[in-house]
>>> print(open('coords.pdb').read())   # PDB, C-alpha atoms
ATOM      1  CA  MET A   1       0.000   0.000   0.000  1.00  0.00           C
ATOM      2  CA  THR A   2       2.859   2.399   0.801  1.00  0.00           C
ATOM      3  CA  GLN A   3       4.471   1.691  -2.578  1.00  0.00           C
ATOM      4  CA  ARG A   4       1.177   2.488  -4.339  1.00  0.00           C
ATOM      5  CA  PHE A   5       0.904   5.780  -2.409  1.00  0.00           C
ATOM      6  CA  VAL A   6       4.456   6.723  -3.349  1.00  0.00           C
ATOM      7  CA  LEU A   7       3.754   6.020  -7.048  1.00  0.00           C
ATOM      8  CA  LEU A   8       0.565   8.085  -6.940  1.00  0.00           C
ATOM      9  CA  PHE A   9       2.402  10.922  -5.210  1.00  0.00           C
ATOM     10  CA  ILE A  10       5.164  10.882  -7.842  1.00  0.00           C
ATOM     11  CA  ALA A  11       2.590  10.894 -10.652  1.00  0.00           C
ATOM     12  CA  PHE A  12       0.785  13.820  -9.001  1.00  0.00           C
ATOM     13  CA  MET A  13       4.023  15.800  -8.680  1.00  0.00           C
ATOM     14  CA  ILE A  14       4.861  15.210 -12.340  1.00  0.00           C
ATOM     15  CA  VAL A  15       1.437  16.491 -13.425  1.00  0.00           C
ATOM     16  CA  VAL A  16       1.647  19.533 -11.135  1.00  0.00           C
ATOM     17  CA  GLY A  17       5.196  20.281 -12.287  1.00  0.00           C
ATOM     18  CA  CYS A  18       4.206  20.120 -15.949  1.00  0.00           C
ATOM     19  CA  ALA A  19       1.179  22.355 -15.406  1.00  0.00           C
ATOM     20  CA  LYS A  20       3.240  25.138 -13.809  1.00  0.00           C
ATOM     21  CA  THR A  21       3.649  28.245 -15.918  1.00  0.00           C
ATOM     22  CA  TYR A  22       7.247  28.651 -17.084  1.00  0.00           C
ATOM     23  CA  ASP A  23       8.892  31.883 -15.951  1.00  0.00           C
ATOM     24  CA  ARG A  24      10.955  33.324 -18.749  1.00  0.00           C
ATOM     25  CA  GLN A  25      14.699  33.332 -18.214  1.00  0.00           C
ATOM     26  CA  ALA A  26      15.633  35.257 -21.352  1.00  0.00           C
ATOM     27  CA  GLU A  27      15.221  39.021 -21.403  1.00  0.00           C
ATOM     28  CA  TYR A  28      14.010  41.282 -24.176  1.00  0.00           C
ATOM     29  CA  ILE A  29      17.117  42.871 -25.731  1.00  0.00           C
ATOM     30  CA  HIS A  30      16.227  45.807 -27.965  1.00  0.00           C
ATOM     31  CA  GLU A  31      19.406  45.509 -30.050  1.00  0.00           C
ATOM     32  CA  GLU A  32      18.484  41.974 -31.162  1.00  0.00           C
ATOM     33  CA  TYR A  33      15.173  43.272 -32.531  1.00  0.00           C
ATOM     34  CA  ALA A  34      16.565  46.409 -34.229  1.00  0.00           C
ATOM     35  CA  PRO A  35      17.177  44.692 -37.615  1.00  0.00           C
ATOM     36  CA  TYR A  36      13.486  43.713 -37.689  1.00  0.00           C
ATOM     37  CA  ALA A  37      12.109  47.227 -37.177  1.00  0.00           C
ATOM     38  CA  GLY A  38      10.189  48.824 -40.013  1.00  0.00           C
ATOM     39  CA  GLU A  39       9.228  47.549 -43.437  1.00  0.00           C
ATOM     40  CA  GLY A  40      11.340  45.350 -45.666  1.00  0.00           C
ATOM     41  CA  THR A  41      11.103  43.835 -49.133  1.00  0.00           C
ATOM     42  CA  ALA A  42      11.097  40.122 -48.322  1.00  0.00           C
ATOM     43  CA  ARG A  43       8.214  37.631 -48.187  1.00  0.00           C
ATOM     44  CA  ILE A  44       7.698  34.356 -46.354  1.00  0.00           C
ATOM     45  CA  CYS A  45       4.806  32.290 -47.664  1.00  0.00           C
ATOM     46  CA  GLY A  46       3.919  28.678 -47.154  1.00  0.00           C
ATOM     47  CA  GLN A  47       1.454  26.005 -46.174  1.00  0.00           C
ATOM     48  CA  ALA A  48       0.577  24.646 -42.732  1.00  0.00           C
ATOM     49  CA  TYR A  49      -0.598  21.117 -41.985  1.00  0.00           C
ATOM     50  CA  LEU A  50      -0.432  18.300 -39.449  1.00  0.00           C
ATOM     51  CA  ASN A  51       0.495  14.685 -40.056  1.00  0.00           C
ATOM     52  CA  VAL A  52      -2.338  12.829 -38.320  1.00  0.00           C
ATOM     53  CA  ASP A  53      -2.440   9.292 -36.920  1.00  0.00           C
ATOM     54  CA  ASP A  54      -3.670   7.564 -40.061  1.00  0.00           C
ATOM     55  CA  GLY A  55      -0.772   8.920 -42.125  1.00  0.00           C
ATOM     56  CA  GLN A  56      -2.914  11.576 -43.762  1.00  0.00           C
ATOM     57  CA  GLN A  57      -2.284  15.307 -43.818  1.00  0.00           C
ATOM     58  CA  HIS A  58      -4.724  17.576 -41.995  1.00  0.00           C
ATOM     59  CA  VAL A  59      -4.415  20.929 -43.756  1.00  0.00           C
ATOM     60  CA  ALA A  60      -4.914  24.084 -41.701  1.00  0.00           C
ATOM     61  CA  SER A  61      -8.033  26.033 -42.661  1.00  0.00           C
ATOM     62  CA  GLY A  62      -8.662  29.466 -41.206  1.00  0.00           C
ATOM     63  CA  ASP A  63      -6.067  28.797 -38.507  1.00  0.00           C
ATOM     64  CA  ARG A  64      -3.755  31.346 -36.907  1.00  0.00           C
ATOM     65  CA  VAL A  65      -0.145  31.724 -38.026  1.00  0.00           C
ATOM     66  CA  LEU A  66       2.469  33.670 -36.071  1.00  0.00           C
ATOM     67  CA  LEU A  67       5.745  35.042 -37.423  1.00  0.00           C
ATOM     68  CA  ALA A  68       8.414  36.152 -34.940  1.00  0.00           C
ATOM     69  CA  PRO A  69      12.046  37.143 -35.468  1.00  0.00           C
ATOM     70  CA  VAL A  70      14.664  34.738 -34.143  1.00  0.00           C
ATOM     71  CA  THR A  71      16.265  36.291 -31.044  1.00  0.00           C
ATOM     72  CA  SER A  72      17.452  34.890 -27.726  1.00  0.00           C
ATOM     73  CA  TYR A  73      14.044  35.868 -26.304  1.00  0.00           C
ATOM     74  CA  THR A  74      11.978  34.111 -28.985  1.00  0.00           C
ATOM     75  CA  GLU A  75      14.347  31.122 -29.034  1.00  0.00           C
ATOM     76  CA  GLU A  76      13.383  30.409 -25.432  1.00  0.00           C
ATOM     77  CA  ALA A  77       9.663  30.660 -26.248  1.00  0.00           C
ATOM     78  CA  TYR A  78      10.116  28.413 -29.284  1.00  0.00           C
ATOM     79  CA  ARG A  79      11.979  25.788 -27.246  1.00  0.00           C
ATOM     80  CA  VAL A  80       9.668  25.854 -24.202  1.00  0.00           C
ATOM     81  CA  LYS A  81       6.193  26.592 -25.580  1.00  0.00           C
ATOM     82  CA  VAL A  82       6.261  25.389 -29.161  1.00  0.00           C
ATOM     83  CA  LYS A  83       8.497  22.316 -28.896  1.00  0.00           C
ATOM     84  CA  ARG A  84       7.768  21.229 -25.296  1.00  0.00           C
ATOM     85  CA  GLY A  85       4.174  22.466 -25.022  1.00  0.00           C
ATOM     86  CA  ARG A  86       4.639  24.277 -21.701  1.00  0.00           C
ATOM     87  CA  ASN A  87       2.647  27.341 -20.662  1.00  0.00           C
ATOM     88  CA  MET A  88       4.676  30.534 -20.364  1.00  0.00           C
ATOM     89  CA  VAL A  89       4.137  33.955 -18.869  1.00  0.00           C
ATOM     90  CA  PRO A  90       2.962  36.417 -21.565  1.00  0.00           C
ATOM     91  CA  PRO A  91       5.682  37.959 -23.736  1.00  0.00           C
ATOM     92  CA  ASP A  92       7.211  41.344 -23.065  1.00  0.00           C
ATOM     93  CA  PRO A  93       4.982  43.951 -24.802  1.00  0.00           C
ATOM     94  CA  GLU A  94       8.030  45.325 -26.639  1.00  0.00           C
ATOM     95  CA  ALA A  95       8.824  41.891 -28.107  1.00  0.00           C
ATOM     96  CA  ALA A  96       5.170  41.354 -29.042  1.00  0.00           C
ATOM     97  CA  LYS A  97       5.331  44.464 -31.265  1.00  0.00           C
ATOM     98  CA  PHE A  98       7.613  42.522 -33.638  1.00  0.00           C
ATOM     99  CA  GLU A  99       5.199  39.589 -34.047  1.00  0.00           C
ATOM    100  CA  LYS A 100       3.082  39.360 -37.174  1.00  0.00           C
ATOM    101  CA  HIS A 101      -0.155  37.373 -37.431  1.00  0.00           C
ATOM    102  CA  THR A 102      -2.295  36.059 -40.246  1.00  0.00           C
ATOM    103  CA  LYS A 103      -4.686  33.172 -40.958  1.00  0.00           C
ATOM    104  CA  THR A 104      -4.433  30.320 -43.408  1.00  0.00           C
ATOM    105  CA  ASP A 105      -6.778  29.997 -46.353  1.00  0.00           C
ATOM    106  CA  ASP A 106      -8.838  26.818 -46.887  1.00  0.00           C
ATOM    107  CA  GLU A 107      -5.788  25.025 -48.301  1.00  0.00           C
ATOM    108  CA  GLY A 108      -3.467  25.978 -45.433  1.00  0.00           C
ATOM    109  CA  ARG A 109      -1.651  28.691 -47.361  1.00  0.00           C
ATOM    110  CA  PHE A 110      -0.460  31.929 -45.791  1.00  0.00           C
ATOM    111  CA  CYS A 111       1.875  34.808 -46.611  1.00  0.00           C
ATOM    112  CA  PHE A 112       3.809  37.510 -44.759  1.00  0.00           C
ATOM    113  CA  ALA A 113       5.059  40.380 -46.948  1.00  0.00           C
ATOM    114  CA  GLY A 114       7.072  43.523 -46.324  1.00  0.00           C
ATOM    115  CA  LEU A 115       9.556  41.761 -44.048  1.00  0.00           C
ATOM    116  CA  PRO A 116      13.043  42.919 -43.169  1.00  0.00           C
ATOM    117  CA  ALA A 117      15.754  40.387 -44.039  1.00  0.00           C
ATOM    118  CA  GLY A 118      16.503  37.927 -41.240  1.00  0.00           C
ATOM    119  CA  GLU A 119      15.572  34.669 -39.548  1.00  0.00           C
ATOM    120  CA  TYR A 120      12.016  33.976 -38.396  1.00  0.00           C
ATOM    121  CA  TYR A 121      10.006  31.381 -36.511  1.00  0.00           C
ATOM    122  CA  VAL A 122       6.713  30.474 -38.164  1.00  0.00           C
ATOM    123  CA  VAL A 123       4.146  28.823 -35.878  1.00  0.00           C
ATOM    124  CA  ALA A 124       0.641  27.701 -36.840  1.00  0.00           C
ATOM    125  CA  ASP A 125      -2.015  26.840 -34.252  1.00  0.00           C
ATOM    126  CA  ILE A 126      -3.949  24.171 -36.180  1.00  0.00           C
ATOM    127  CA  ARG A 127      -7.353  22.916 -35.053  1.00  0.00           C
ATOM    128  CA  LEU A 128      -7.490  19.149 -34.805  1.00  0.00           C
ATOM    129  CA  PRO A 129     -10.087  17.123 -36.726  1.00  0.00           C
ATOM    130  CA  GLY A 130     -13.298  16.918 -34.691  1.00  0.00           C
ATOM    131  CA  SER A 131     -12.534  20.108 -32.762  1.00  0.00           C
ATOM    132  CA  THR A 132     -15.474  22.450 -32.142  1.00  0.00           C
ATOM    133  CA  LYS A 133     -15.837  26.107 -31.147  1.00  0.00           C
ATOM    134  CA  GLU A 134     -16.973  24.994 -27.701  1.00  0.00           C
ATOM    135  CA  ASN A 135     -14.181  22.436 -27.313  1.00  0.00           C
ATOM    136  CA  ARG A 136     -11.224  23.673 -29.374  1.00  0.00           C
ATOM    137  CA  LYS A 137      -8.298  21.268 -29.591  1.00  0.00           C
ATOM    138  CA  SER A 138      -5.203  22.138 -31.558  1.00  0.00           C
ATOM    139  CA  GLN A 139      -1.536  21.442 -32.096  1.00  0.00           C
ATOM    140  CA  LEU A 140       1.290  23.814 -32.908  1.00  0.00           C
ATOM    141  CA  ALA A 141       3.083  23.212 -36.190  1.00  0.00           C
ATOM    142  CA  HIS A 142       6.346  25.070 -36.701  1.00  0.00           C
ATOM    143  CA  ALA A 143       9.237  25.931 -38.969  1.00  0.00           C
ATOM    144  CA  LYS A 144      12.181  28.293 -39.134  1.00  0.00           C
ATOM    145  CA  ALA A 145      12.873  30.415 -42.209  1.00  0.00           C
ATOM    146  CA  ALA A 146      15.652  32.758 -43.288  1.00  0.00           C
ATOM    147  CA  VAL A 147      14.991  35.421 -45.885  1.00  0.00           C
ATOM    148  CA  LYS A 148      17.138  38.043 -47.647  1.00  0.00           C
ATOM    149  CA  ALA A 149      16.037  41.433 -48.955  1.00  0.00           C
ATOM    150  CA  ASP A 150      13.824  41.146 -52.062  1.00  0.00           C
ATOM    151  CA  GLU A 151      13.609  37.366 -51.576  1.00  0.00           C
ATOM    152  CA  ASN A 152      10.512  35.164 -51.521  1.00  0.00           C
ATOM    153  CA  VAL A 153      10.796  32.064 -49.326  1.00  0.00           C
ATOM    154  CA  TYR A 154       8.308  29.192 -49.251  1.00  0.00           C
ATOM    155  CA  VAL A 155       8.122  27.138 -46.051  1.00  0.00           C
ATOM    156  CA  LEU A 156       6.172  24.053 -44.964  1.00  0.00           C
ATOM    157  CA  VAL A 157       4.899  24.480 -41.411  1.00  0.00           C
ATOM    158  CA  THR A 158       4.147  21.047 -40.020  1.00  0.00           C
ATOM    159  CA  ARG A 159       4.383  18.640 -37.147  1.00  0.00           C
TER     160      ARG A 159
END
>>> encode(input="coords.pdb", output="structure tokens")
Amino acid sequence: MTQRFVLLFIAFMIVVGCAKTYDRQAEYIHEEYAPYAGEGTARICGQAYLNVDDGQQHVASGDRVLLAPVTSYTEEAYRVKVKRGRNMVPPDPEAAKFEKHTKTDDEGRFCFAGLPAGEYYVVADIRLPGSTKENRKSQLAHAKAAVKADENVYVLVTR
């Protein structure tokens, strides 16, 4: 009986530990964001989809897509929230000013234009099959893209 209690306690602590909101360690550094200020001449376009259990692709449709410059601050968010699925404290309002948002069309396509040259994280929040407005379930698909001035880059955002 004691062994069973210990196992239940360990399981409980794992669940509680995973549910805790992650406190950011990285700080917003203005100089890292400076190259991304203002308008540019580059474009990042692509398609977002999930590989589902039966081997089929579930294409995003009307789902949110986020574009954020690669910095030490966003690298932490990408590693912790996107790849590990942990909750985080909200981003610094100054960093959030550099995020761009759009939605996919019915075929999962999206496009961000007028970008400064640089490296970006692209993250799509894709509704899972069977998800409803009342009970929304989704997964984050992601990619990293680098773009030069006057360049058009196409990226597949998947998981």
>>> closest_atom_pairs(input="coords.pdb", of="region 2-102 of chain A", to="region 146-153 of chain A", cutoff="7 Å", atoms="all atoms listed in the file", output="CSV")
residue,atom,partner,partner_atom,distance
A:Gly40,CA,A:Ala149,CA,6.9
A:Thr41,CA,A:Asp150,CA,4.8
A:Ala42,CA,A:Asp150,CA,4.7
A:Arg43,CA,A:Asn152,CA,4.7
A:Ile44,CA,A:Val153,CA,4.9
A:Cys45,CA,A:Val153,CA,6.2
>>> closest_residue(input="coords.pdb", among="A:Leu156, A:Cys111, A:Val89, A:Val123", to="Leu140 (chain A)", atoms="all atoms listed in the file")
A:Val123
>>> residues_near_point(input="coords.pdb", point="(6.8, 31.4, -14.8)", cutoff="10 Å", atoms="all atoms listed in the file", output="list in words")
Lys20, Thr21, Tyr22, Asp23, Arg24, Gln25, Asn87, Met88, Val89 and Pro90 of chain A
>>> write_last_selection(input="coords.pdb", atoms="C-alpha atoms", output="PDB file, keeping the file's coordinate frame")
ATOM      1  CA  LYS A  20       3.240  25.138 -13.809  1.00  0.00           C
ATOM      2  CA  THR A  21       3.649  28.245 -15.918  1.00  0.00           C
ATOM      3  CA  TYR A  22       7.247  28.651 -17.084  1.00  0.00           C
ATOM      4  CA  ASP A  23       8.892  31.883 -15.951  1.00  0.00           C
ATOM      5  CA  ARG A  24      10.955  33.324 -18.749  1.00  0.00           C
ATOM      6  CA  GLN A  25      14.699  33.332 -18.214  1.00  0.00           C
ATOM      7  CA  ASN A  87       2.647  27.341 -20.662  1.00  0.00           C
ATOM      8  CA  MET A  88       4.676  30.534 -20.364  1.00  0.00           C
ATOM      9  CA  VAL A  89       4.137  33.955 -18.869  1.00  0.00           C
ATOM     10  CA  PRO A  90       2.962  36.417 -21.565  1.00  0.00           C
TER      11      PRO A  90
END
>>> axis_aligned_box(input="coords.pdb", around="region 133-149 of chain A", padding_each_side="3 Å", output="AutoDock Vina command-line options")
--center_x 0.1 --center_y 31.4 --center_z -38.1 --size_x 40.1 --size_y 26.2 --size_z 27.6
>>> residues_around(input="coords.pdb", residues="Ser61 (chain A)", least_positions_apart="2", cutoff="8 Å", atoms="only C-alpha atoms", output="PDB file with C-alpha atoms, in the frame of the given file")
ATOM      1  CA  VAL A  59      -4.415  20.929 -43.756  1.00  0.00           C
ATOM      2  CA  ASP A  63      -6.067  28.797 -38.507  1.00  0.00           C
ATOM      3  CA  THR A 104      -4.433  30.320 -43.408  1.00  0.00           C
ATOM      4  CA  ASP A 105      -6.778  29.997 -46.353  1.00  0.00           C
ATOM      5  CA  ASP A 106      -8.838  26.818 -46.887  1.00  0.00           C
ATOM      6  CA  GLU A 107      -5.788  25.025 -48.301  1.00  0.00           C
ATOM      7  CA  GLY A 108      -3.467  25.978 -45.433  1.00  0.00           C
ATOM      8  CA  ILE A 126      -3.949  24.171 -36.180  1.00  0.00           C
TER       9      ILE A 126
END
>>> atom_distance(input="coords.pdb", atom1="CA of His58 (chain A)", atom2="CA of His142 (chain A)")
14.4 Å
>>> resolve_selection(input="coords.pdb", expression="the PyMOL selection byres ((chain A and resi 91) around 10)", output="list in words")
Arg24, Glu27, Tyr28, Tyr73, Thr74, Ala77, Met88, Val89, Pro90, Asp92, Pro93, Glu94, Ala95, Ala96 and Lys97 of chain A
